[in-house]
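Undergrad: run39.txt is reproduced in full below (compact mmCIF, C-alpha atoms and all ligand atoms).
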# COMPACT_ATOMS: atom_id res chain seq x y z
CA MET A 1 -27.97 9.08 -4.24
CA THR A 2 -24.86 7.05 -3.83
CA VAL A 3 -22.38 6.57 -1.04
CA HIS A 4 -18.87 6.83 -2.46
CA LEU A 5 -16.06 5.26 -0.45
CA VAL A 6 -13.23 7.52 -1.60
CA GLY A 7 -9.51 7.20 -0.90
CA ALA A 8 -7.98 10.59 -0.06
CA GLY A 9 -4.36 9.48 -0.44
CA PRO A 10 -1.61 9.51 2.15
CA GLY A 11 -1.70 13.15 3.24
CA ASP A 12 -0.61 15.47 0.42
CA PRO A 13 -3.98 16.71 -0.94
CA GLY A 14 -2.55 16.58 -4.47
CA LEU A 15 -2.50 12.80 -4.27
CA ILE A 16 -6.26 12.23 -4.44
CA THR A 17 -7.61 10.83 -7.74
CA VAL A 18 -9.36 13.09 -10.28
CA ARG A 19 -12.57 11.10 -9.77
CA GLY A 20 -12.36 11.38 -5.99
CA LEU A 21 -12.00 15.16 -6.18
CA GLU A 22 -14.92 15.47 -8.61
CA LEU A 23 -17.14 13.50 -6.25
CA ILE A 24 -16.19 15.71 -3.29
CA ARG A 25 -16.97 18.83 -5.33
CA ARG A 26 -20.54 17.74 -5.96
CA CYS A 27 -21.45 15.79 -2.83
CA GLU A 28 -24.27 16.63 -0.45
CA ALA A 29 -22.55 15.16 2.60
CA ILE A 30 -18.96 14.31 3.43
CA VAL A 31 -17.89 12.04 6.29
CA TYR A 32 -14.15 12.22 6.72
CA ASP A 33 -11.29 10.57 8.60
CA ASP A 34 -8.85 12.35 10.88
CA LEU A 35 -5.88 11.78 8.58
CA VAL A 36 -7.60 13.46 5.63
CA SER A 37 -6.35 16.91 4.61
CA ASP A 38 -8.60 19.89 5.49
CA GLU A 39 -8.01 21.22 1.99
CA LEU A 40 -9.87 18.25 0.52
CA VAL A 41 -12.80 18.61 2.90
CA ASP A 42 -12.95 22.31 1.97
CA GLU A 43 -13.54 21.28 -1.66
CA ALA A 44 -17.07 20.12 -0.73
CA PRO A 45 -19.88 22.52 -1.68
CA ALA A 46 -20.51 25.21 0.93
CA ASP A 47 -23.94 23.78 1.76
CA ALA A 48 -22.77 20.16 2.07
CA LEU A 49 -23.09 18.44 5.42
CA ARG A 50 -19.58 17.98 6.89
CA ILE A 51 -19.08 15.32 9.53
CA SER A 52 -15.73 14.38 11.05
CA ARG A 53 -15.53 10.82 12.26
CA ARG A 54 -13.15 11.84 15.06
CA GLY A 55 -14.12 10.09 18.29
CA MET A 56 -16.65 7.83 16.56
CA LYS A 57 -16.39 4.06 16.83
CA GLN A 58 -16.50 2.12 13.55
CA ALA A 59 -20.03 0.88 14.33
CA ALA A 60 -21.23 4.48 14.63
CA VAL A 61 -19.60 5.39 11.30
CA ASN A 62 -21.33 2.40 9.69
CA ASP A 63 -24.70 3.52 11.09
CA LEU A 64 -24.07 7.09 9.95
CA ILE A 65 -23.29 6.29 6.32
CA VAL A 66 -26.29 3.95 6.13
CA GLU A 67 -28.51 6.65 7.59
CA LEU A 68 -27.23 9.32 5.15
CA GLY A 69 -27.60 6.86 2.27
CA LEU A 70 -31.19 6.09 3.27
CA GLN A 71 -31.90 9.81 3.24
CA GLY A 72 -31.07 9.70 -0.47
CA LEU A 73 -28.04 11.98 -0.18
CA ASP A 74 -24.98 11.84 -2.39
CA VAL A 75 -22.36 11.01 0.22
CA VAL A 76 -18.57 10.97 0.09
CA ARG A 77 -17.03 8.83 2.77
CA LEU A 78 -13.49 10.19 2.57
CA LYS A 79 -10.89 7.81 3.94
CA GLY A 80 -7.12 8.05 4.41
CA GLY A 81 -4.97 6.33 1.77
CA ASP A 82 -6.86 3.59 -0.04
CA PRO A 83 -10.21 2.51 1.46
CA PHE A 84 -9.33 -1.16 1.12
CA VAL A 85 -5.83 -1.13 2.64
CA PHE A 86 -6.17 -1.26 6.43
CA GLY A 87 -8.99 1.23 5.99
CA ARG A 88 -12.02 -0.82 7.06
CA GLY A 89 -13.52 0.04 3.69
CA GLY A 90 -14.62 -3.57 3.29
CA GLU A 91 -16.70 -3.33 6.44
CA GLU A 92 -18.36 -0.13 5.26
CA ALA A 93 -19.06 -1.66 1.84
CA LEU A 94 -20.65 -4.65 3.57
CA VAL A 95 -23.07 -2.61 5.70
CA LEU A 96 -24.06 -0.50 2.68
CA ALA A 97 -24.66 -3.61 0.61
CA ALA A 98 -26.68 -5.22 3.41
CA ALA A 99 -28.84 -2.09 3.71
CA GLY A 100 -29.50 -2.07 -0.05
CA ILE A 101 -27.79 1.29 -0.54
CA GLU A 102 -26.10 2.09 -3.82
CA PHE A 103 -22.37 2.62 -3.32
CA ASP A 104 -19.06 2.55 -5.11
CA VAL A 105 -15.38 2.53 -4.20
CA VAL A 106 -12.87 5.02 -5.54
CA ALA A 107 -9.32 3.81 -5.03
CA GLY A 108 -6.79 6.01 -3.31
CA VAL A 109 -3.02 6.19 -3.12
CA SER A 110 -2.10 4.04 -0.15
CA ALA A 111 0.69 5.01 2.24
CA MET A 112 2.09 1.54 1.50
CA ALA A 113 4.37 2.66 -1.38
CA SER A 114 3.84 6.43 -1.54
CA VAL A 115 5.22 7.15 1.93
CA PRO A 116 8.52 5.27 1.46
CA GLY A 117 8.52 6.59 -2.12
CA SER A 118 8.49 10.13 -0.80
CA PHE A 119 12.01 9.35 0.48
CA LEU A 120 12.99 7.57 -2.77
CA ILE A 121 12.57 4.13 -1.20
CA PRO A 122 10.99 1.71 -3.71
CA ILE A 123 9.17 -1.06 -1.83
CA THR A 124 10.21 -3.47 -4.59
CA HIS A 125 13.46 -3.29 -6.54
CA ARG A 126 14.77 -5.75 -9.07
CA GLY A 127 17.45 -7.91 -7.50
CA VAL A 128 16.77 -6.56 -4.01
CA SER A 129 13.13 -7.22 -3.10
CA ALA A 130 10.48 -9.00 -5.12
CA GLN A 131 8.01 -9.47 -2.30
CA VAL A 132 6.22 -7.13 0.08
CA THR A 133 4.47 -8.10 3.29
CA LEU A 134 1.96 -5.66 4.76
CA VAL A 135 0.89 -5.96 8.36
CA SER A 136 -0.96 -3.87 10.89
CA GLY A 137 0.72 -3.34 14.23
CA GLN A 138 -2.77 -3.20 15.74
CA SER A 139 -4.35 -5.94 13.76
CA ALA A 140 -6.79 -8.62 14.63
CA PHE A 141 -3.71 -10.47 15.85
CA GLY A 142 -3.78 -8.15 18.87
CA ASP A 143 -0.61 -8.63 20.88
CA ASP A 144 0.19 -11.76 18.94
CA LEU A 145 1.69 -10.41 15.72
CA PRO A 146 2.93 -13.43 13.76
CA LEU A 147 6.54 -12.35 14.23
CA GLU A 148 7.96 -15.74 13.40
CA THR A 149 6.23 -15.74 10.01
CA LEU A 150 7.10 -12.09 9.40
CA ALA A 151 10.76 -12.68 10.24
CA LYS A 152 10.94 -15.43 7.63
CA ALA A 153 9.14 -13.52 4.87
CA PRO A 154 11.66 -12.43 2.23
CA GLY A 155 11.66 -8.93 0.79
CA THR A 156 10.18 -5.81 2.30
CA LEU A 157 8.05 -5.62 5.42
CA VAL A 158 5.71 -2.63 5.81
CA VAL A 159 4.09 -2.21 9.22
CA PHE A 160 1.09 0.10 9.48
CA MET A 161 0.05 1.52 12.86
CA GLY A 162 3.16 0.10 14.48
CA LEU A 163 4.73 3.19 16.05
CA GLY A 164 3.77 2.20 19.59
CA ARG A 165 5.25 -1.28 19.16
CA LEU A 166 8.47 -0.57 17.27
CA ASP A 167 10.66 -1.99 19.99
CA ALA A 168 8.68 -5.21 20.37
CA VAL A 169 8.34 -5.76 16.62
CA ALA A 170 12.02 -5.10 15.83
CA ALA A 171 13.21 -7.26 18.73
CA GLY A 172 10.76 -10.03 17.81
CA LEU A 173 11.94 -10.10 14.20
CA ILE A 174 15.53 -10.48 15.39
CA THR A 175 14.57 -13.20 17.89
CA HIS A 176 12.91 -15.13 15.09
CA GLY A 177 15.89 -14.98 12.80
CA ARG A 178 15.88 -11.72 10.83
CA ASP A 179 19.40 -10.29 10.70
CA ALA A 180 19.82 -7.51 13.27
CA SER A 181 21.70 -5.44 10.67
CA THR A 182 18.71 -5.40 8.27
CA PRO A 183 18.00 -1.78 7.27
CA ALA A 184 14.88 -0.30 8.85
CA ALA A 185 13.11 3.05 8.66
CA VAL A 186 10.30 4.87 10.40
CA ILE A 187 8.57 7.50 8.29
CA SER A 188 6.24 9.99 9.90
CA ASN A 189 3.75 12.21 8.04
CA GLY A 190 5.02 10.97 4.67
CA THR A 191 4.18 13.16 1.63
CA LEU A 192 3.40 16.14 3.88
CA PRO A 193 5.63 19.21 4.36
CA ASN A 194 6.53 18.01 7.87
CA GLU A 195 7.44 14.48 6.76
CA LYS A 196 10.35 12.92 8.57
CA ILE A 197 12.37 9.74 8.26
CA VAL A 198 14.59 7.97 10.76
CA THR A 199 16.73 5.16 9.42
CA GLY A 200 18.83 2.53 11.13
CA THR A 201 18.87 -1.20 11.49
CA LEU A 202 16.52 -3.59 13.21
CA ARG A 203 18.91 -3.49 16.16
CA ASP A 204 18.75 0.26 16.78
CA ILE A 205 15.71 1.64 14.93
CA ALA A 206 13.43 1.78 17.99
CA ALA A 207 16.00 3.73 20.02
CA ARG A 208 16.71 6.08 17.10
CA ALA A 209 13.01 6.75 16.52
CA ALA A 210 12.46 7.34 20.25
CA THR A 211 15.11 10.10 20.35
CA GLU A 212 13.34 11.89 17.48
CA ASP A 213 9.92 11.52 19.14
CA LEU A 214 8.23 10.93 15.79
CA PRO A 215 4.50 11.69 15.65
CA SER A 216 1.75 9.55 14.09
CA PRO A 217 0.90 8.61 11.45
CA ALA A 218 4.03 6.62 10.83
CA LEU A 219 5.02 3.63 8.74
CA PHE A 220 7.70 1.14 9.79
CA VAL A 221 9.60 -0.29 6.83
CA VAL A 222 12.12 -3.12 7.05
CA GLY A 223 14.36 -4.41 4.27
CA ASP A 224 17.30 -3.83 1.95
CA VAL A 225 15.25 -1.46 -0.25
CA ILE A 226 15.99 1.26 2.31
CA ALA A 227 19.60 1.23 1.16
CA VAL A 228 18.36 1.62 -2.44
CA GLY A 229 16.68 4.89 -1.39
CA ASP A 230 19.96 6.16 0.07
CA TYR A 231 21.80 5.15 -3.09
CA VAL A 232 19.31 6.84 -5.46
CA GLU A 233 19.58 10.02 -3.40
CA SER A 234 23.39 9.96 -3.49
CA VAL A 235 23.40 9.48 -7.29
CA ARG A 236 20.88 12.30 -7.68
CA VAL A 237 22.98 14.65 -5.55
CA SER A 238 26.22 13.80 -7.32
CA ASN A 239 24.60 14.46 -10.71
CA ARG A 240 23.32 17.91 -9.81
CA PRO A 241 24.89 20.61 -11.94
CA GLY A 242 27.83 22.11 -10.11
CA VAL A 243 28.57 19.07 -7.94
CA ALA A 244 32.09 17.85 -8.73
CA ALA A 245 32.41 14.11 -9.32
CA SER A 246 34.47 12.44 -6.58
C1 LIG A 301 -5.85 3.18 9.55
S1 LIG A 301 -4.40 3.02 8.61
C2 LIG A 301 -5.00 3.60 7.07
C3 LIG A 301 -4.13 3.21 5.90
C4 LIG A 301 -4.67 3.75 4.60
N1 LIG A 301 -5.93 3.16 4.26
C5 LIG A 301 -3.70 3.57 3.42
O1 LIG A 301 -4.01 2.91 2.44
O2 LIG A 301 -2.59 4.15 3.50
C6 LIG A 301 -3.44 4.37 9.20
C7 LIG A 301 -1.95 4.05 9.18
O3 LIG A 301 -1.43 4.21 7.87
C8 LIG A 301 -0.11 4.71 7.94
N2 LIG A 301 -0.07 6.04 7.31
C9 LIG A 301 -1.10 6.65 6.72
N3 LIG A 301 -0.72 7.85 6.22
C10 LIG A 301 0.60 7.98 6.52
C11 LIG A 301 1.58 8.99 6.28
N4 LIG A 301 1.28 10.10 5.60
N5 LIG A 301 2.83 8.78 6.73
C12 LIG A 301 3.16 7.66 7.40
N6 LIG A 301 2.28 6.67 7.64
C13 LIG A 301 1.02 6.82 7.21
C14 LIG A 301 0.25 4.79 9.43
O4 LIG A 301 0.84 3.56 9.81
C15 LIG A 301 -1.11 4.97 10.05
O5 LIG A 301 -1.12 4.60 11.41
Hey, can you dump this file as structure tokens for me?
Ligand SMILES: C[S@@+](CC[C@H](N)C(=O)[O-])C[C@H]1O[C@@H](n2cnc3c(N)ncnc32)[C@H](O)[C@@H]1O

TA:
Amino acid sequence: MTVHLVGAGPGDPGLITVRGLELIRRCEAIVYDDLVSDELVDEAPADALRISRRGMKQAAVNDLIVELGLQGLDVVRLKGGDPFVFGRGGEEALVLAAAGIEFDVVAGVSAMASVPGSFLIPITHRGVSAQVTLVSGQSAFGDDLPLETLAKAPGTLVVFMGLGRLDAVAAGLITHGRDASTPAAVISNGTLPNEKIVTGTLRDIAARAATEDLPSPALFVVGDVIAVGDYVESVRVSNRPGVAAS
């Protein structure tokens, strides 16, 4: 008789938590996001109510989970990544709390570090980046992303939901003082078999990504840590048995 706000992880179904999977396996209803893997939804009991939130506005999702909670069902609200990182989990927790419904939150693996990590890019690295700034390309800022502030923030910048605004964001960062040669990457479908990365610099990343026609979901990462990923990969390759040292 609880609504569980569960993080499904970034895409690879193996990246859900043990607790999250257990809750899915014994739920009576599951309400799931578009980005969530079908394999996880299939883990729900055969007689569980399955509801995709595709096409539903957030207000309708809020009403739905309250309604299912009031019916006394054990509900999993399965959300992409972590519920509390650009996941509107806070809003869902608030409506459940206001309606007096018992609920809990089960953390998930956010795309934030796991998606760059899938390409060996650490979002922090000693001596390279000791600070990470997360921003949504479609945030409450609307068209007014605080590009001046973002350009001045040291370390790594991770832009969620920014694929449609790559050009504007990259150009704006340069205009406000970020070096045009700063490494940048766009990573699409990270952790999934069809994951893809395009790397470049702030100057050319939008054009490079456009030629690859990368699909959503995608993360835009800016900072010197991208070069660390390339370096780790080159060391790994050169240390493979049978690869002659150069
Ligand atoms: C609504 S936000 C949800 C973020 C989620 N709560 C989290 O913690 O990762 C969706 C955005 O997350 C990013 N994202 C999520 N999964 C991704 C993946 N597998 N590869 C690349 N980006 C991803 C994209 O920027 C996408 O537009």

Undergrad: Please measure the separation of CA of Ala60 in chain A and atom C2 of ligand LIG 301 (chain A), giving the value in Å to one decimal.

TA: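 Computing it gives 17.9 Å between the two atoms.
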
Undergrad: Compute the set of protein, DNA and RNA residues whose minimum atom distance to ligand LIG 301 (chain A) is at most 6 Å, using only C-alpha atoms and all ligand atoms, and state it as a count of residues only.

TA: 23

Undergrad: Please compute the CA of Ser37 in chain A-CA of Ala209 in chain A distance, one decimal, in Å.

TA: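 Interatomic distance, CA of Ser37 in chain A to CA of Ala209 in chain A: 24.9 Å.
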
Undergrad: Pick from A:Leu40, A:Leu70, A:Ala46, A:Ile121: nearest to Tyr231 in chain A, with all atoms listed in the file counted?

TA: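 For Tyr231 in chain A, the nearest of the candidates is A:Ile121.
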
Undergrad: Leaving out Gly89 in chain A and any residue of its chain fewer than 5 positions from it, which residues lie within 12 Å of it when counting all atoms listed in the file, given as a list in words?

TA: Val3, His4, Leu5, Val6, Gly7, Asp33, Gln58, Val61, Asn62, Ile65, Arg77, Leu78, Lys79, Gly80, Gly81, Asp82, Pro83, Phe84, Leu94, Val95, Leu96, Phe103, Asp104, Val105, Val106, Ala107 and Gly108 of chain A

Undergrad: What is the distance between CA of Thr201 in chain A and CA of Gly172 in chain A, in Å to one decimal?

TA: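 Rounded to one decimal, the two atoms are 13.6 Å apart.
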
Undergrad: Closest to Met56 in chain A among A:Tyr32, A:Leu145, A:Ala99, A:Ile24, using all atoms listed in the file?

TA: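 Selected residue with least distance to Met56 in chain A: A:Tyr32.
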
Undergrad: Check the smallest atom-to-atom distance from each of A:Thr2, A:Val109, A:Thr182, A:Leu21 to Val66 in chain A using only C-alpha atoms, then report the winner.

TA: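 Residue with the minimum atom-to-atom distance to Val66 in chain A: A:Thr2.
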
Undergrad: Using all atoms listed in the file, pick whichever of A:Val235, A:Ile30, A:Ala170, A:Val36 has the shortest atom-to-atom distance to Glu148 in chain A.

TA: A:Ala170

Undergrad: Between A:Thr199, A:Ser216, A:Gln71, A:Thr211, single out the one closest to Glu102 in chain A, counting all atoms listed in the file.

TA: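 Nearest candidate to Glu102 in chain A out of A:Thr199, A:Ser216, A:Gln71, A:Thr211: A:Gln71.
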
Undergrad: Would you please work out which residue, of A:Val225, A:Val232, A:Ala48, A:Val18, is nearest to Thr124 in chain A when using all atoms listed in the file?

TA: A:Val225

Undergrad: Need the neighbours of (7.9, -8.4, -1.7): which residues are at most 6 Å away, counting only C-alpha atoms, as JSON, numbers by chain?

TA: {"A": [129, 130, 131, 132, 155, 156]}

Undergrad: Please enclose the listed atoms of range 228-234 of chain A in an axis-aligned box, pad each side by 8 Å, and write out the centre and the three edge lengths in Å, rounded to one decimal, as AutoDock Vina command-line options.

TA:
--center_x 20.0 --center_y 5.8 --center_z -2.7 --size_x 22.7 --size_y 24.4 --size_z 21.5
